[in-house]
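K.L.:
This is the structure I want to talk about, given as structure tokens.
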Amino acid sequence: MINEKLQEECGVLGIWNVGDFDTAETFYLGMYGIQHRGQQSAGIAVVNGKKMFYRKELGLITEVFSESEINNLKGCKAGLGHVGYNIESDNIRENAQPFIFKYYKSYAAISYNGCITNANRLRSEYLENAYMFQTTSDAEIIATMLTKEVAKGSSLEKALDRVIKRITGSYSFLVMTPEKMIAVRDPYGMKPLCLGILGASYVVSTESSGLDTIGAKFIRDVKPGEIITIDDNGLKSHLCDSYEKTAMCIFEFVYLARSDSIIDGAGVYKARFESGKILAREYPVDADLVMGVPDSGLPAALGYSDESGIRYAEGLIKNRYIGRTFIQPSQSLRELSVGLKLNPIRDQIEGKRIILVDDSIVRGTTSKKIVQMMKEIGGAKEVHMRISSPPVKFSCYYGIDTPDKAMLMANRMTRDEMCDSLGADTLAFISLDGLLKTPVGAKCSFCSACFDGCYPIKTEEDE
Ligand code: SF4
């Protein structure tokens, strides 16, 4: 799937350096390992002694930070970073993270990924008590709650314990002060977060790709409901009381995470490859070639080819030089942008019966355009769409900005109607049972609410 906007994720990265390397340079490189999780804004905060510096802006990491700015941060102790896609399009700039806030007699920074489902209620409560908010970001709600708890005399860790008991939803976040860094993962483990080590220094990243990029060794995933404190004396951890059954977002394996990441014990690439194999067993079709929609559809296409014995070939070229996501999510621009991002290879496609594997269909706009390009530009004789996730019929309330339920193609149409509307010759989706088997070796259970409507966490509307 490309540009269909089921991608409002964020990525966080934190490094607490005990003297092993240059923090700013290493940190900057590490940010590339999470860039895929958000291309609208990027920011870092660093501590140097008791001081904290930060910079955040709209754009990709390369657009936000110049080499000289990174050089100016030499000698910093620790860093916290964020890449994001901000759902609240009116407040994109204000909502860029890390969010910096006054904490005790110093400053703290928070980098946050997720969605607090009782955010409106908490925000109203604070507004009624004369607190002010500068942004619409959940990170500021957490910062406000923390500041209030610390003002009552709690340590930062105790304050976090209390805050976590009051917030519900999916999240992972990092808090940094000049003295320490704290990593938190929600009690359901919906959002990924992992811990690594570089020399003797700890690194925390949304995905293991953030560790690999800087050569940090993966230690383990942060446990659901765990609070990890890192300072110059090492690492301490405790589970907060509200630890519950896990519900990792299965969409991380379908589309969101980078294929080389390992989440909760399961490899993302392997899961995607496996989904293609299962899809080939569940929905075989006679054809000449298997092709995938770049990037996240490619491993599933290879899996489909492997299982079916039908040759795999590249059929769509992705333009990798489209930088900042200047294209706003309007319907017409979304359609136009597909041609900007993907182009079919006519030599490969012309006159062939193609099995085209993609990871998901949300609105259907993109898939329709791709089928049309395969036929009209590529000259395909037949296009058989195979989707490595079940039909997306329900909205996500946990931080992935699916459109209104009524906008979801699978919510409005039967499979045959979808197939007709896309202009494909056949259309089939992997079963939910099949998909849930794909994260081989996973040490967690999954949320699959956008496919089956079984929401693991209540929203404010439910209450
Ligand atoms: S509803 Fe879907 S996208 Fe949202 S957390 Fe659950 S599985 Fe992930």
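Residues are named by chain letter and number: chains run A, B, ... in the order of the structure tokens, numbers start at 1 in each chain, and ligands are numbered from 1 in the order shown.
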Could you list, as a PyMOL selection string, all the residues within 10 Å of ligand 1, counting only C-alpha atoms and all ligand atoms?
P.N.:
chain A and resi 6-9+114-115+169-170+190-191+247-256+392-402+446-457
K.L.:
Among range 51-106 of chain A, which ones does DSSP place in strand (DSSP E or B), written as a VMD selection string?
P.N.:
chain A and resid 51 to 58 78 to 84 99 to 103 106
K.L.:
Per residue of range 236-303 of chain A within 12 Å of range 378-383 of chain A, which atom pair is closest and at what distance in Å (one decimal), using only C-alpha atoms, listed by chain and increasing number, as JSON lines?
P.N.:
```
{"residue": "A:Val285", "atom": "CA", "partner": "A:Val383", "partner_atom": "CA", "distance": 10.7}
{"residue": "A:Asp286", "atom": "CA", "partner": "A:Glu382", "partner_atom": "CA", "distance": 10.4}
{"residue": "A:Ala287", "atom": "CA", "partner": "A:Glu382", "partner_atom": "CA", "distance": 8.3}
{"residue": "A:Asp288", "atom": "CA", "partner": "A:Glu382", "partner_atom": "CA", "distance": 9.6}
{"residue": "A:Leu289", "atom": "CA", "partner": "A:Val383", "partner_atom": "CA", "distance": 10.0}
{"residue": "A:Val290", "atom": "CA", "partner": "A:Val383", "partner_atom": "CA", "distance": 9.9}
{"residue": "A:Met291", "atom": "CA", "partner": "A:Val383", "partner_atom": "CA", "distance": 10.0}
{"residue": "A:Gly292", "atom": "CA", "partner": "A:Val383", "partner_atom": "CA", "distance": 11.7}
```
K.L.:
Would you please extract all helix (DSSP H, G or I) residues from range 43-118 of chain A, as assigned by DSSP on the backbone, and give them as a count of residues only?
P.N.:
17
K.L.:
Mind checking which residues fall within 9 Å of range 55-65 of chain A, counting only C-alpha atoms, ignoring those fewer than 3 positions away in the same chain, and posting them as a list in words?
P.N.:
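Contacts, in chain order: Tyr28, Met31, Tyr32, Gln35, Gly38, Gln39, Gln40, Ser41, Ala42, Gly43, Ile44, Ala45, Ser68, Glu69, Ile70, His82, Val83, Ile92, Arg93, Ala96, Gln97, Pro98, Gly323, Arg324, Thr325 and Phe326 of chain A.
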K.L.:
Enter the distance from CA of Lys318 in chain A to CA of Lys341 in chain A, in Å, rounded to one decimal.
P.N.:
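CA of Lys341 in chain A lies at a distance of 5.5 Å from CA of Lys318 in chain A.
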K.L.:
Compile the contact shell of Met176 in chain A as a list in words: residues with an atom at most 8 Å away, counting only C-alpha atoms, same-chain residues fewer than 3 positions apart removed.
P.N.:
Gly79, Leu80, Ala108, Ala109, Ile110, Glu179, Lys180, Met181 and Ile182 of chain A
K.L.:
Could you turn the residues from that selection into a file that holds all heavy atoms, as a PDB file, in the first residue's frame?
P.N.:
```
ATOM      1  N   GLY A  79      20.366  11.907  24.058  1.00  0.00           N
ATOM      2  CA  GLY A  79      19.465  12.473  23.060  1.00  0.00           C
ATOM      3  C   GLY A  79      18.151  11.705  22.965  1.00  0.00           C
ATOM      4  O   GLY A  79      18.066  10.516  23.306  1.00  0.00           O
ATOM      5  N   LEU A  80      17.161  12.445  22.522  1.00  0.00           N
ATOM      6  CA  LEU A  80      15.813  11.897  22.380  1.00  0.00           C
ATOM      7  C   LEU A  80      15.283  12.384  21.035  1.00  0.00           C
ATOM      8  O   LEU A  80      15.424  13.556  20.721  1.00  0.00           O
ATOM      9  CB  LEU A  80      14.971  12.500  23.500  1.00  0.00           C
ATOM     10  CG  LEU A  80      13.594  11.983  23.778  1.00  0.00           C
ATOM     11  CD1 LEU A  80      13.723  10.580  24.341  1.00  0.00           C
ATOM     12  CD2 LEU A  80      12.948  12.870  24.848  1.00  0.00           C
ATOM     13  N   ALA A 108      12.461  18.880  30.842  1.00  0.00           N
ATOM     14  CA  ALA A 108      12.368  17.486  30.416  1.00  0.00           C
ATOM     15  C   ALA A 108      11.844  17.476  28.982  1.00  0.00           C
ATOM     16  O   ALA A 108      11.251  18.452  28.510  1.00  0.00           O
ATOM     17  CB  ALA A 108      11.421  16.712  31.325  1.00  0.00           C
ATOM     18  N   ALA A 109      12.091  16.373  28.284  1.00  0.00           N
ATOM     19  CA  ALA A 109      11.588  16.225  26.914  1.00  0.00           C
ATOM     20  C   ALA A 109      10.841  14.907  26.830  1.00  0.00           C
ATOM     21  O   ALA A 109      11.206  13.929  27.502  1.00  0.00           O
ATOM     22  CB  ALA A 109      12.748  16.228  25.929  1.00  0.00           C
ATOM     23  N   ILE A 110       9.801  14.883  26.040  1.00  0.00           N
ATOM     24  CA  ILE A 110       9.058  13.634  25.831  1.00  0.00           C
ATOM     25  C   ILE A 110       8.918  13.384  24.327  1.00  0.00           C
ATOM     26  O   ILE A 110       8.623  14.307  23.559  1.00  0.00           O
ATOM     27  CB  ILE A 110       7.682  13.655  26.554  1.00  0.00           C
ATOM     28  CG1 ILE A 110       6.912  12.353  26.293  1.00  0.00           C
ATOM     29  CG2 ILE A 110       6.835  14.831  26.146  1.00  0.00           C
ATOM     30  CD1 ILE A 110       5.707  12.170  27.197  1.00  0.00           C
ATOM     31  N   GLU A 179      19.234  14.159  34.057  1.00  0.00           N
ATOM     32  CA  GLU A 179      19.757  13.081  34.919  1.00  0.00           C
ATOM     33  C   GLU A 179      19.456  11.675  34.416  1.00  0.00           C
ATOM     34  O   GLU A 179      20.147  10.720  34.764  1.00  0.00           O
ATOM     35  CB  GLU A 179      19.147  13.177  36.334  1.00  0.00           C
ATOM     36  CG  GLU A 179      19.614  14.347  37.159  1.00  0.00           C
ATOM     37  CD  GLU A 179      18.895  15.618  36.770  1.00  0.00           C
ATOM     38  OE1 GLU A 179      17.701  15.545  36.410  1.00  0.00           O
ATOM     39  OE2 GLU A 179      19.527  16.689  36.770  1.00  0.00           O
ATOM     40  N   LYS A 180      18.418  11.514  33.637  1.00  0.00           N
ATOM     41  CA  LYS A 180      18.006  10.154  33.282  1.00  0.00           C
ATOM     42  C   LYS A 180      17.115  10.116  32.038  1.00  0.00           C
ATOM     43  O   LYS A 180      16.609  11.167  31.601  1.00  0.00           O
ATOM     44  CB  LYS A 180      17.266   9.498  34.445  1.00  0.00           C
ATOM     45  CG  LYS A 180      16.003  10.216  34.850  1.00  0.00           C
ATOM     46  CD  LYS A 180      15.292   9.534  36.009  1.00  0.00           C
ATOM     47  CE  LYS A 180      15.763  10.025  37.348  1.00  0.00           C
ATOM     48  NZ  LYS A 180      14.904   9.645  38.471  1.00  0.00           N
ATOM     49  N   MET A 181      16.941   8.909  31.542  1.00  0.00           N
ATOM     50  CA  MET A 181      15.973   8.700  30.463  1.00  0.00           C
ATOM     51  C   MET A 181      15.037   7.567  30.890  1.00  0.00           C
ATOM     52  O   MET A 181      15.492   6.573  31.471  1.00  0.00           O
ATOM     53  CB  MET A 181      16.693   8.309  29.174  1.00  0.00           C
ATOM     54  CG  MET A 181      15.746   8.104  28.015  1.00  0.00           C
ATOM     55  SD  MET A 181      16.625   7.874  26.477  1.00  0.00           S
ATOM     56  CE  MET A 181      17.327   9.479  26.217  1.00  0.00           C
ATOM     57  N   ILE A 182      13.764   7.724  30.630  1.00  0.00           N
ATOM     58  CA  ILE A 182      12.795   6.694  31.024  1.00  0.00           C
ATOM     59  C   ILE A 182      12.027   6.247  29.781  1.00  0.00           C
ATOM     60  O   ILE A 182      11.557   7.067  28.993  1.00  0.00           O
ATOM     61  CB  ILE A 182      11.835   7.215  32.104  1.00  0.00           C
ATOM     62  CG1 ILE A 182      12.653   7.662  33.330  1.00  0.00           C
ATOM     63  CG2 ILE A 182      10.839   6.140  32.517  1.00  0.00           C
ATOM     64  CD1 ILE A 182      11.826   8.135  34.500  1.00  0.00           C
TER      65      ILE A 182
END
```
